[in-house]
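As stored in model32.txt (compact mmCIF, C-alpha atoms and all ligand atoms):
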# COMPACT_ATOMS: atom_id res chain seq x y z
CA MET A 1170 103.43 165.37 -62.36
CA ARG A 1171 107.11 165.44 -61.52
CA SER A 1172 107.28 167.19 -58.21
CA LEU A 1173 105.07 167.08 -55.16
CA ARG A 1174 104.57 170.80 -55.32
CA GLY A 1175 103.31 170.61 -58.82
CA GLY A 1176 105.33 170.69 -61.89
CA ALA A 1177 108.96 171.29 -62.66
CA THR A 1178 109.08 172.90 -66.06
CA PRO A 1179 112.32 171.88 -67.76
CA SER A 1180 114.01 174.81 -69.38
CA PRO A 1181 115.29 174.42 -72.94
CA CYS A 1182 118.75 175.26 -71.60
CA THR A 1183 118.76 172.32 -69.19
CA ALA A 1184 117.02 169.74 -71.38
CA ARG A 1185 119.65 167.18 -72.28
CA ARG A 1186 118.35 166.00 -75.61
CA PRO A 1187 118.21 168.33 -78.56
CA LEU A 1188 115.14 166.38 -79.73
CA SER A 1189 113.08 168.09 -77.03
CA CYS A 1190 114.27 171.61 -77.75
CA PRO A 1191 111.31 173.92 -78.51
CA ALA A 1192 113.29 175.46 -81.33
CA MET A 1193 113.07 172.08 -83.07
CA GLY A 1194 109.46 171.37 -82.06
CA VAL A 1195 108.29 169.51 -78.95
CA THR A 1196 107.95 165.79 -79.61
CA GLU A 1197 104.58 164.08 -79.22
CA ALA A 1198 105.78 162.54 -76.00
CA GLY A 1199 106.25 166.05 -74.56
CA TRP A 1200 109.41 166.51 -72.52
CA SER A 1201 109.59 163.05 -70.99
CA GLN A 1202 112.53 162.04 -73.14
CA ALA A 1203 114.58 164.67 -71.37
CA PHE A 1204 113.85 163.33 -67.90
CA ALA A 1205 116.69 161.76 -65.92
CA ARG A 1206 116.72 158.00 -65.42
CA ARG A 1207 116.11 158.52 -61.72
CA THR A 1208 112.61 159.90 -62.42
CA ARG A 1209 111.34 156.44 -63.35
CA GLY A 1210 110.81 155.33 -59.73
CA ALA A 1211 107.30 154.19 -58.79
CA GLY A 1212 104.95 155.63 -56.20
CA ALA A 1213 104.39 159.20 -57.33
CA ALA A 1214 100.93 158.46 -58.66
CA GLU A 1215 99.67 157.29 -55.27
CA LEU A 1216 101.06 160.27 -53.39
CA ASN A 1217 99.65 162.65 -55.98
CA THR A 1218 96.23 161.04 -55.50
CA ILE A 1219 96.48 161.62 -51.76
CA LEU A 1220 97.54 165.23 -52.14
CA ALA A 1221 94.91 165.93 -54.79
CA GLY A 1222 92.06 165.39 -52.31
CA SER A 1223 88.69 163.73 -52.91
CA PRO A 1224 85.65 164.47 -55.05
CA PRO A 1225 82.85 166.47 -53.38
CA GLY A 1226 80.75 164.39 -51.02
CA VAL A 1227 83.51 161.84 -50.44
CA LEU A 1228 84.84 161.62 -46.89
CA SER A 1229 88.59 161.15 -47.14
CA LEU A 1230 90.53 158.93 -44.78
CA ALA A 1231 93.42 159.13 -47.24
CA GLY A 1232 95.66 162.14 -46.50
CA GLY A 1233 97.51 162.40 -43.19
CA PHE A 1234 96.89 166.11 -42.79
CA PRO A 1235 97.16 167.76 -39.36
CA ASN A 1236 93.85 169.01 -38.04
CA PRO A 1237 93.66 172.79 -38.59
CA ALA A 1238 92.11 173.15 -35.11
CA THR A 1239 95.62 172.46 -33.77
CA PHE A 1240 97.16 175.37 -35.68
CA PRO A 1241 98.14 178.02 -33.11
CA THR A 1242 96.71 180.95 -35.05
CA THR A 1243 95.77 183.14 -32.10
CA VAL A 1244 99.30 183.59 -30.78
CA LEU A 1245 100.98 183.60 -34.16
CA ASP A 1246 99.61 186.88 -35.45
CA GLU A 1247 101.18 188.77 -32.54
CA ILE A 1248 104.55 186.99 -32.88
CA MET A 1249 104.58 187.42 -36.65
CA MET A 1250 103.85 191.15 -36.39
CA ARG A 1251 106.58 191.62 -33.78
CA LEU A 1252 109.16 189.74 -35.89
CA VAL A 1253 108.45 191.73 -39.00
CA ARG A 1254 108.55 194.98 -37.04
CA ASP A 1255 111.57 194.36 -34.79
CA ASP A 1256 113.63 191.56 -36.33
CA ALA A 1257 113.28 191.84 -40.10
CA GLY A 1258 117.07 191.90 -40.50
CA VAL A 1259 117.18 188.29 -39.32
CA ALA A 1260 113.71 186.91 -39.99
CA LEU A 1261 113.47 188.18 -43.57
CA GLN A 1262 117.14 187.75 -44.47
CA TYR A 1263 118.97 184.67 -45.80
CA ALA A 1264 119.93 182.40 -42.92
CA PRO A 1265 123.06 180.29 -42.32
CA VAL A 1266 122.81 176.87 -44.02
CA GLU A 1267 122.68 175.02 -40.68
CA GLY A 1268 120.05 177.41 -39.33
CA ILE A 1269 119.80 180.69 -37.41
CA PRO A 1270 122.06 180.38 -34.32
CA SER A 1271 119.36 181.36 -31.80
CA PHE A 1272 116.92 178.85 -33.32
CA ARG A 1273 119.53 176.07 -33.31
CA SER A 1274 120.19 176.82 -29.68
CA TYR A 1275 116.44 176.58 -29.01
CA LEU A 1276 116.32 173.30 -30.93
CA ALA A 1277 119.19 171.91 -28.88
CA ASP A 1278 117.38 172.90 -25.66
CA ARG A 1279 114.24 171.25 -26.98
CA GLN A 1280 116.04 168.01 -27.87
CA GLU A 1281 117.40 167.92 -24.34
CA GLN A 1282 113.98 168.58 -22.86
CA THR A 1283 112.01 166.11 -25.01
CA GLN A 1284 114.66 163.41 -25.61
CA GLY A 1285 117.05 163.71 -22.66
CA ARG A 1286 120.14 164.39 -24.73
CA ARG A 1287 121.59 167.68 -25.91
CA PRO A 1288 123.24 167.60 -29.34
CA GLY A 1289 126.54 169.43 -29.73
CA PRO A 1290 126.55 172.38 -32.18
CA SER A 1291 127.99 170.18 -34.95
CA GLU A 1292 125.39 167.44 -34.37
CA LEU A 1293 122.32 169.48 -35.28
CA MET A 1294 121.00 171.44 -38.25
CA VAL A 1295 117.75 172.96 -39.42
CA THR A 1296 115.94 171.48 -42.42
CA SER A 1297 112.93 172.51 -44.48
CA GLY A 1298 110.77 169.75 -42.99
CA GLY A 1299 111.25 166.03 -42.54
CA MET A 1300 110.99 165.35 -46.25
CA GLU A 1301 113.94 167.60 -47.02
CA CYS A 1302 115.99 165.73 -44.44
CA ILE A 1303 115.18 162.46 -46.23
CA ALA A 1304 116.26 163.95 -49.55
CA LEU A 1305 119.47 165.36 -48.03
CA ALA A 1306 120.27 161.96 -46.52
CA CYS A 1307 119.73 160.32 -49.91
CA GLN A 1308 121.88 162.90 -51.66
CA SER A 1309 124.65 162.48 -49.08
CA LEU A 1310 124.64 158.73 -48.54
CA VAL A 1311 122.95 156.84 -51.37
CA ASP A 1312 124.69 155.97 -54.62
CA PRO A 1313 122.69 154.26 -57.40
CA GLY A 1314 122.36 150.57 -56.55
CA ASP A 1315 123.08 151.03 -52.83
CA ALA A 1316 120.96 148.96 -50.47
CA VAL A 1317 118.57 150.81 -48.15
CA ALA A 1318 116.55 148.87 -45.58
CA VAL A 1319 113.09 150.00 -44.50
CA GLU A 1320 110.22 148.77 -42.40
CA ALA A 1321 107.70 146.97 -44.61
CA PRO A 1322 105.39 148.84 -44.98
CA THR A 1323 106.77 152.38 -44.62
CA TYR A 1324 106.20 156.07 -45.46
CA LEU A 1325 105.49 156.52 -49.16
CA GLY A 1326 107.43 159.80 -49.44
CA ALA A 1327 110.59 158.07 -48.17
CA LEU A 1328 110.12 155.16 -50.57
CA MET A 1329 109.77 157.63 -53.43
CA ALA A 1330 112.94 159.46 -52.39
CA PHE A 1331 114.91 156.21 -52.15
CA ALA A 1332 113.62 155.20 -55.60
CA ARG A 1333 114.56 158.57 -57.05
CA TYR A 1334 118.11 158.19 -55.77
CA GLU A 1335 118.14 154.72 -57.36
CA ALA A 1336 118.56 152.79 -54.12
CA GLU A 1337 117.78 149.10 -53.94
CA VAL A 1338 115.15 149.06 -51.21
CA HIS A 1339 114.80 146.04 -48.91
CA GLY A 1340 111.71 145.66 -46.75
CA ILE A 1341 112.15 144.24 -43.23
CA ALA A 1342 109.13 142.62 -41.57
CA MET A 1343 107.11 144.38 -38.89
CA ASP A 1344 104.64 143.18 -36.31
CA ALA A 1345 102.53 144.89 -33.67
CA ASP A 1346 105.75 145.95 -31.84
CA GLY A 1347 107.28 147.57 -34.90
CA LEU A 1348 110.31 146.41 -36.88
CA VAL A 1349 111.20 142.76 -36.19
CA VAL A 1350 114.83 143.16 -35.17
CA GLU A 1351 115.54 139.43 -35.53
CA ALA A 1352 114.40 139.65 -39.17
CA LEU A 1353 116.93 142.43 -39.79
CA GLU A 1354 119.59 140.42 -37.98
CA GLU A 1355 118.96 137.45 -40.28
CA ARG A 1356 119.23 139.62 -43.37
CA LEU A 1357 122.48 141.17 -42.14
CA ALA A 1358 123.85 137.72 -41.36
CA ALA A 1359 122.90 136.68 -44.90
CA GLY A 1360 125.03 139.49 -46.33
CA LEU A 1361 122.70 142.50 -46.66
CA ARG A 1362 124.79 145.69 -46.26
CA PRO A 1363 122.40 148.63 -46.21
CA LYS A 1364 123.73 152.17 -46.26
CA LEU A 1365 120.73 153.17 -44.16
CA LEU A 1366 117.99 151.58 -42.13
CA TYR A 1367 114.99 153.92 -42.27
CA VAL A 1368 112.60 153.56 -39.31
CA ILE A 1369 109.65 155.47 -37.90
CA PRO A 1370 109.62 154.27 -34.30
CA GLU A 1371 106.45 155.99 -33.07
CA TYR A 1372 102.90 155.72 -34.42
CA GLN A 1373 104.35 154.78 -37.75
CA ASN A 1374 103.08 156.05 -41.06
CA PRO A 1375 101.27 153.99 -42.38
CA THR A 1376 100.58 151.37 -39.66
CA GLY A 1377 100.29 153.40 -36.45
CA ARG A 1378 102.61 150.89 -34.72
CA THR A 1379 105.31 151.75 -32.19
CA LEU A 1380 108.71 150.08 -31.78
CA SER A 1381 108.91 148.49 -28.31
CA LEU A 1382 111.52 149.59 -25.76
CA GLU A 1383 113.28 146.24 -25.81
CA ARG A 1384 113.58 146.34 -29.59
CA ARG A 1385 114.94 149.91 -29.52
CA HIS A 1386 117.89 148.78 -27.43
CA ALA A 1387 118.37 145.65 -29.56
CA LEU A 1388 118.20 147.62 -32.81
CA VAL A 1389 120.80 150.20 -31.75
CA GLU A 1390 123.12 147.45 -30.54
CA LEU A 1391 122.68 145.41 -33.75
CA CYS A 1392 123.26 148.36 -36.08
CA ARG A 1393 126.27 149.53 -34.08
CA ARG A 1394 127.76 146.03 -34.37
CA HIS A 1395 127.21 145.93 -38.14
CA GLY A 1396 128.07 149.54 -38.89
CA VAL A 1397 124.60 150.36 -40.25
CA LEU A 1398 123.40 153.96 -39.92
CA ILE A 1399 119.88 154.10 -38.49
CA PHE A 1400 117.80 156.86 -40.07
CA GLU A 1401 115.13 157.61 -37.46
CA ASP A 1402 112.08 159.61 -38.53
CA VAL A 1403 110.32 161.08 -35.49
CA ALA A 1404 107.53 162.87 -37.38
CA TYR A 1405 104.78 161.75 -34.96
CA ARG A 1406 106.85 161.19 -31.81
CA GLU A 1407 105.28 164.00 -29.77
CA ILE A 1408 101.71 163.19 -30.84
CA SER A 1409 101.25 160.46 -28.26
CA PHE A 1410 97.70 160.14 -26.96
CA ASP A 1411 98.81 160.03 -23.30
CA GLY A 1412 101.78 162.43 -23.45
CA GLY A 1413 104.29 159.63 -22.79
CA ALA A 1414 107.32 158.72 -24.91
CA LEU A 1415 109.83 155.91 -25.19
CA PRO A 1416 113.49 156.91 -25.60
CA SER A 1417 114.32 157.98 -29.14
CA LEU A 1418 116.82 155.84 -31.04
CA TRP A 1419 119.03 158.92 -31.39
CA SER A 1420 119.15 159.36 -27.61
CA LEU A 1421 120.13 155.68 -27.25
CA GLY A 1422 122.76 155.69 -30.00
CA PRO A 1423 123.85 159.16 -31.12
CA ASP A 1424 126.89 157.54 -32.75
CA VAL A 1425 124.77 155.37 -35.11
CA VAL A 1426 121.54 157.33 -35.53
CA LEU A 1427 120.61 160.18 -37.85
CA GLN A 1428 117.30 161.66 -36.71
CA ALA A 1429 114.87 163.53 -38.96
CA GLY A 1430 112.38 165.70 -37.08
CA THR A 1431 109.63 168.02 -38.25
CA PHE A 1432 107.39 170.78 -36.93
CA SER A 1433 104.70 169.83 -39.46
CA LYS A 1434 102.61 167.83 -36.99
CA LEU A 1435 103.53 169.80 -33.83
CA PHE A 1436 103.04 173.25 -35.24
CA ALA A 1437 102.00 173.54 -38.92
CA PRO A 1438 103.25 172.02 -42.19
CA GLY A 1439 103.03 175.46 -43.80
CA VAL A 1440 106.28 176.54 -42.11
CA ARG A 1441 108.22 173.67 -43.78
CA LEU A 1442 110.56 173.35 -40.83
CA GLY A 1443 112.38 170.44 -39.26
CA TRP A 1444 115.77 169.30 -38.03
CA ALA A 1445 118.47 166.72 -38.48
CA ALA A 1446 120.41 165.43 -35.46
CA GLY A 1447 123.20 162.93 -35.82
CA PRO A 1448 126.94 162.24 -35.94
CA ALA A 1449 128.90 165.42 -36.75
CA ASP A 1450 130.38 164.11 -40.02
CA VAL A 1451 126.93 163.11 -41.31
CA ILE A 1452 125.41 166.49 -40.37
CA ALA A 1453 128.29 168.30 -42.11
CA GLU A 1454 127.59 166.34 -45.29
CA LEU A 1455 123.84 167.05 -45.08
CA ALA A 1456 124.64 170.74 -44.71
CA ALA A 1457 126.85 170.56 -47.80
CA ALA A 1458 123.94 168.92 -49.66
CA LYS A 1459 121.58 171.67 -48.49
CA GLN A 1460 123.82 174.18 -50.26
CA THR A 1461 122.49 172.68 -53.49
CA THR A 1462 118.79 172.53 -52.52
CA ASP A 1463 117.47 175.65 -50.81
CA GLN A 1464 120.72 176.88 -49.16
CA CYS A 1465 118.77 177.74 -46.03
CA SER A 1466 115.39 177.13 -44.47
CA GLY A 1467 113.13 180.17 -44.23
CA GLY A 1468 114.28 182.55 -41.52
CA LEU A 1469 110.76 183.75 -40.74
CA GLY A 1470 109.60 180.24 -39.88
CA GLN A 1471 112.69 179.59 -37.76
CA ARG A 1472 112.21 182.76 -35.72
CA LEU A 1473 108.47 182.15 -35.48
CA VAL A 1474 108.89 178.65 -34.04
CA GLU A 1475 111.69 179.85 -31.76
CA GLU A 1476 109.59 182.66 -30.27
CA TYR A 1477 106.57 180.38 -30.01
CA GLY A 1478 108.60 177.67 -28.30
CA ARG A 1479 110.56 179.95 -25.94
CA ALA A 1480 107.27 181.42 -24.73
CA GLY A 1481 106.15 177.93 -23.65
CA HIS A 1482 103.41 177.52 -26.24
CA PHE A 1483 104.36 173.94 -27.17
CA GLU A 1484 103.89 172.81 -23.59
CA ALA A 1485 100.67 174.82 -23.39
CA ASN A 1486 99.11 173.65 -26.65
CA LEU A 1487 100.34 170.10 -27.28
CA PRO A 1488 98.09 168.49 -24.64
CA ALA A 1489 94.98 169.75 -26.47
CA ALA A 1490 96.30 168.50 -29.83
CA ARG A 1491 97.05 165.10 -28.30
CA GLU A 1492 93.59 164.93 -26.81
CA LEU A 1493 92.02 165.87 -30.14
CA TYR A 1494 93.82 163.07 -32.00
CA ALA A 1495 93.17 160.59 -29.19
CA SER A 1496 89.50 161.43 -29.29
CA HIS A 1497 89.44 161.03 -33.07
CA TRP A 1498 91.01 157.60 -32.75
CA ARG A 1499 88.44 156.59 -30.12
CA ALA A 1500 85.66 157.63 -32.53
CA VAL A 1501 87.18 155.42 -35.24
CA GLU A 1502 87.65 152.51 -32.87
CA ARG A 1503 84.02 152.72 -31.72
CA ALA A 1504 82.86 152.76 -35.33
CA PHE A 1505 85.13 149.84 -36.24
CA GLU A 1506 83.71 147.75 -33.42
CA ARG A 1507 80.19 148.61 -34.42
CA HIS A 1508 80.37 148.27 -38.18
CA MET A 1509 83.38 146.29 -39.42
CA PRO A 1510 82.52 142.79 -40.61
CA GLU A 1511 84.10 139.56 -39.38
CA GLY A 1512 87.60 139.03 -40.76
CA CYS A 1513 88.74 142.66 -40.49
CA ALA A 1514 91.63 143.48 -38.13
CA TRP A 1515 93.20 146.83 -37.30
CA SER A 1516 96.21 148.27 -35.51
CA GLU A 1517 95.66 150.14 -32.24
CA PRO A 1518 97.81 153.27 -32.37
CA ALA A 1519 98.90 154.96 -29.16
CA GLY A 1520 99.42 158.23 -31.02
CA GLY A 1521 99.76 159.80 -34.45
CA PHE A 1522 97.32 159.99 -37.33
CA PHE A 1523 96.93 156.46 -38.73
CA THR A 1524 95.47 153.02 -38.29
CA TRP A 1525 96.12 150.05 -40.58
CA LEU A 1526 93.19 147.88 -41.54
CA ARG A 1527 93.39 144.32 -42.81
CA LEU A 1528 90.51 143.26 -45.03
CA PRO A 1529 88.82 139.88 -44.88
CA ASP A 1530 90.46 137.09 -46.92
CA GLY A 1531 90.16 137.43 -50.67
CA LEU A 1532 89.48 141.19 -50.79
CA ASP A 1533 91.80 143.41 -52.80
CA ALA A 1534 92.22 146.95 -51.45
CA LEU A 1535 93.17 148.43 -54.81
CA ALA A 1536 90.23 146.86 -56.62
CA LEU A 1537 87.83 148.01 -53.90
CA ARG A 1538 88.89 151.63 -54.06
CA SER A 1539 86.59 152.85 -56.82
CA ALA A 1540 83.58 151.18 -55.14
CA ALA A 1541 84.59 152.94 -51.93
CA VAL A 1542 84.74 156.34 -53.62
CA GLU A 1543 81.32 155.67 -55.17
CA GLY A 1544 80.17 154.77 -51.67
CA GLY A 1545 81.44 158.13 -50.40
CA VAL A 1546 84.72 157.24 -48.68
CA ALA A 1547 88.40 157.38 -49.74
CA TYR A 1548 91.44 155.56 -48.37
CA VAL A 1549 94.95 154.62 -49.47
CA PRO A 1550 95.48 150.97 -50.48
CA GLY A 1551 98.34 149.22 -48.69
CA ALA A 1552 100.46 148.00 -51.61
CA PRO A 1553 102.30 151.28 -52.45
CA PHE A 1554 103.68 151.39 -48.90
CA TYR A 1555 105.66 148.20 -49.48
CA PRO A 1556 108.98 148.22 -51.32
CA GLY A 1557 108.16 144.79 -52.77
CA ASP A 1558 105.05 142.64 -52.66
CA GLY A 1559 102.57 143.00 -49.85
CA GLY A 1560 99.64 145.06 -48.73
CA ARG A 1561 97.05 143.78 -51.22
CA ASP A 1562 94.51 143.24 -48.46
CA GLU A 1563 95.60 146.20 -46.29
CA ILE A 1564 94.61 149.85 -46.23
CA ARG A 1565 95.80 152.98 -44.45
CA LEU A 1566 93.20 155.13 -42.74
CA ALA A 1567 94.02 158.62 -41.45
CA PHE A 1568 91.82 159.88 -38.62
CA SER A 1569 93.54 163.24 -38.12
CA TYR A 1570 91.55 165.53 -40.36
CA LEU A 1571 87.84 164.67 -40.44
CA SER A 1572 85.56 165.55 -37.52
CA GLU A 1573 84.53 162.76 -35.15
CA ASP A 1574 81.05 162.64 -36.66
CA GLU A 1575 82.49 162.44 -40.16
CA LEU A 1576 84.87 159.69 -39.06
CA GLY A 1577 81.93 157.64 -37.79
CA VAL A 1578 80.09 158.04 -41.09
CA ALA A 1579 83.24 157.31 -43.13
CA VAL A 1580 83.89 154.06 -41.26
CA GLU A 1581 80.26 153.01 -41.64
CA ARG A 1582 80.45 153.64 -45.40
CA LEU A 1583 83.74 151.74 -45.64
CA ALA A 1584 82.32 148.80 -43.73
CA ALA A 1585 79.35 148.67 -46.12
CA VAL A 1586 81.73 148.56 -49.12
CA ILE A 1587 83.82 145.80 -47.49
CA ARG A 1588 80.67 143.75 -46.77
CA GLY A 1589 79.81 144.19 -50.46
C1 LIG B 1601 106.80 159.62 -41.45
C2 LIG B 1601 106.85 160.96 -42.12
N1 LIG B 1601 108.03 161.53 -42.30
C3 LIG B 1601 108.15 162.73 -42.89
C4 LIG B 1601 107.05 163.40 -43.35
C5 LIG B 1601 107.24 164.70 -44.06
O1 LIG B 1601 106.96 165.75 -43.25
P1 LIG B 1601 107.35 167.25 -43.61
O2 LIG B 1601 106.07 167.97 -43.75
O3 LIG B 1601 108.12 167.70 -42.42
O4 LIG B 1601 108.18 167.27 -44.83
C6 LIG B 1601 105.78 162.84 -43.18
C7 LIG B 1601 104.58 163.54 -43.68
O5 LIG B 1601 103.51 163.06 -43.77
C8 LIG B 1601 105.69 161.58 -42.55
O6 LIG B 1601 104.50 160.98 -42.38
Write out the structure in this file as structure tokens.
Ligand SMILES: Cc1ncc(COP(=O)(O)O)c(C=O)c1O
Amino acid sequence: MRSLRGGATPSPCTARRPLSCPAMGVTEAGWSQAFARRTRGAGAAELNTILAGSPPGVLSLAGGFPNPATFPTTVLDEIMMRLVRDDAGVALQYAPVEGIPSFRSYLADRQEQTQGRRPGPSELMVTSGGMECIALACQSLVDPGDAVAVEAPTYLGALMAFARYEAEVHGIAMDADGLVVEALEERLAAGLRPKLLYVIPEYQNPTGRTLSLERRHALVELCRRHGVLIFEDVAYREISFDGGALPSLWSLGPDVVLQAGTFSKLFAPGVRLGWAAGPADVIAELAAAKQTTDQCSGGLGQRLVEEYGRAGHFEANLPAARELYASHWRAVERAFERHMPEGCAWSEPAGGFFTWLRLPDGLDALALRSAAVEGGVAYVPGAPFYPGDGGRDEIRLAFSYLSEDELGVAVERLAAVIRG
């Protein structure tokens, strides 16, 4: 499969090699000969497995899907009806590339409220989710062969995007406090010159770890000194279990940080809506790139989130969502303590959807996967989350989607498979 949304069908007019033209007969290899060199990046298979779901009877800890109980359906039907009735000229029309002005103004207010800094009009734009922002950043900043630095491990979707834009990806070590800033400093001193440093400071996907306050300051200072653009992904930032938040990197260094945000976890992934905040020249280039992707994010979603947010529904509903995810994590933690054998270790997230489990010595997470599925539980092995080696004995577990009872059963099944 070529695209996450299932299948790009190359048209005969765009296929580059006459060999693959239907008029001359499709070759046995299908259309693959026509694919661009950039399609050869690794990782798609793993993400496709996650998105494909699990066989019946298997409890999946694999996909980091928001829990549908957090979707604000009851208020949305009224807002949606009102928008279609009274505001179709805006909500159903093409929107400006950077976003509908009233929604951008709401976004700026929201950045100020949640991150303590208000972006200027040229420092903010609307995107079609966090993933589009990653692709726009790649399109704008990454030439083939450019170095990109990432936390090791990191979000698979970002790794896939960097591979597709033919970046040379360098993993920087993490520990329980997030990215090890001294490790990055050593690499920079040794000559690494990344175009971007991609970081997920809160409740990271896949590890659940959070970058400490001290390291946030040190990281911004280091990157400013070396002229490295920090690409901060705040996908889970507002899903803290206790409602608290450390300062975002963007609020600490708006001159050296490009922030990708998303409403997928706060609202619903179905709206495909997010934002980019950063230096004005970078945002202008991202907007130029968006002209060649979707030209604008859906107006209906922008107006929907704006109306929802202006009416105070985020403040009203987020505490319940946070409590739901916190309670899910507690269920997993209880089950870990009860069932996991000696030699297992796990991260202790303070928010988000994920925990990162280390298996006892000698166990291989990839090899164990089919036994796990036979035993009725699915997970994602750690290796694909690393740009290089690593993760053989690690696995990502998502606790966002299953019910607490199911989570308990899933962990018990997993523990039985690990014990062998
Ligand atoms: C860290 C991170 N960034 C970005 C995304 C993409 O989110 P969106 O749905 O906004 O494209 C995800 C989705 O799982 C994620 O985990």
Check which residues fall inside 8 Å of ligand LIG 1601 (chain B) when counting only C-alpha atoms and all ligand atoms, and print them as a ChimeraX atom specification.
/A:1233-1234,1297-1303,1323-1324,1326-1327,1369,1373-1375,1402-1405,1429-1434,1438,1441-1443
List as a PyMOL selection string the protein and nucleic acid residues near Pro1550 of chain A, meaning an atom at most 7 Å away when all atoms listed in the file are counted, but skip any in the same chain fewer than 5 places from it.
chain A and resi 1534-1535+1563-1565
Pick out the closest residue to Val1440 of chain A from this set: A:Leu1415, A:Val1474, A:Val1311, A:Ala1306. Count all atoms listed in the file.
A:Val1474
Write out as number ranges by chain each polymer residue whose atoms come within 10 Å of segment 1263-1278 of chain A, counting all atoms listed in the file; drop sequence neighbours fewer than 6 positions from it.
A: 1284-1296, 1443-1446, 1452-1453, 1455-1460, 1463-1476, 1478-1479
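Atom pair atom CA of Phe1331 of chain A / atom CA of Val1317 of chain A: separated by 7.7 Å.
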For a quick check of understanding, using all atoms listed in the file, which of A:Leu1421, A:Leu1526, A:Ala1342, A:Ile1399 has the smallest distance to Glu1502 of chain A?
A:Leu1526
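The smallest atom-to-atom distance between Val1549 of chain A and any of A:Ala1203, A:Leu1571, A:Gly1232, A:Val1253, using all atoms listed in the file, is found for A:Gly1232.
Using only C-alpha atoms, the nearest neighbour of Arg1393 of chain A within the list A:Gln1428, A:Thr1376, A:Glu1354, A:Tyr1334 is A:Glu1354.
Restricting the calculation to only C-alpha atoms, the smallest distance between Gly1557 of chain A and any of A:Thr1242, A:Gln1262, A:Gly1340, A:Pro1225 is found for A:Gly1340.
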Point-to-point distance in Å for atom CA of Val1580 of chain A and atom CA of Leu1230 of chain A:
9.0 Å
Among listed residues A:Pro1322, A:Val1397, A:Val1349, A:Glu1407, nearest Asn1486 of chain A (using all atoms listed in the file)
A:Glu1407
Residues near Ala1332 of chain A, anyone? I mean within 12 Å using all atoms listed in the file, not counting same-chain ones fewer than 3 positions away, as a VMD selection string.
chain A and resid 1206 to 1213 1303 to 1304 1307 to 1308 1311 to 1317 1325 to 1329 1335 to 1339 1556
Length of the atom CA of Tyr1367 of chain A to atom CA of Glu1401 of chain A vector [Å]
6.1 Å
Residues within 12 Å of (90.5, 144.8, -46.7), file coords, only C-alpha atoms, listed as a PyMOL selection string:
chain A and resi 1509-1515+1525-1538+1541+1548-1552+1560-1566+1583-1589
Need the shell around Ser1409 of chain A: protein/DNA/RNA residues with any atom at most 8 Å away, counting all atoms listed in the file. Skip same-chain ones fewer than 2 positions apart. Format as a PyMOL selection string?
chain A and resi 1372+1405-1407+1411-1414+1491+1519-1521
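Distance cut-off 9 Å, centre (86.8, 161.8, -49.0), atoms counted all atoms listed in the file; the residues meeting this are Gly1222, Ser1223, Pro1224, Pro1225, Gly1226, Val1227, Leu1228, Ser1229, Leu1230, Ala1231, Val1542, Gly1545, Val1546, Ala1547, Tyr1548 and Ala1579 of chain A.
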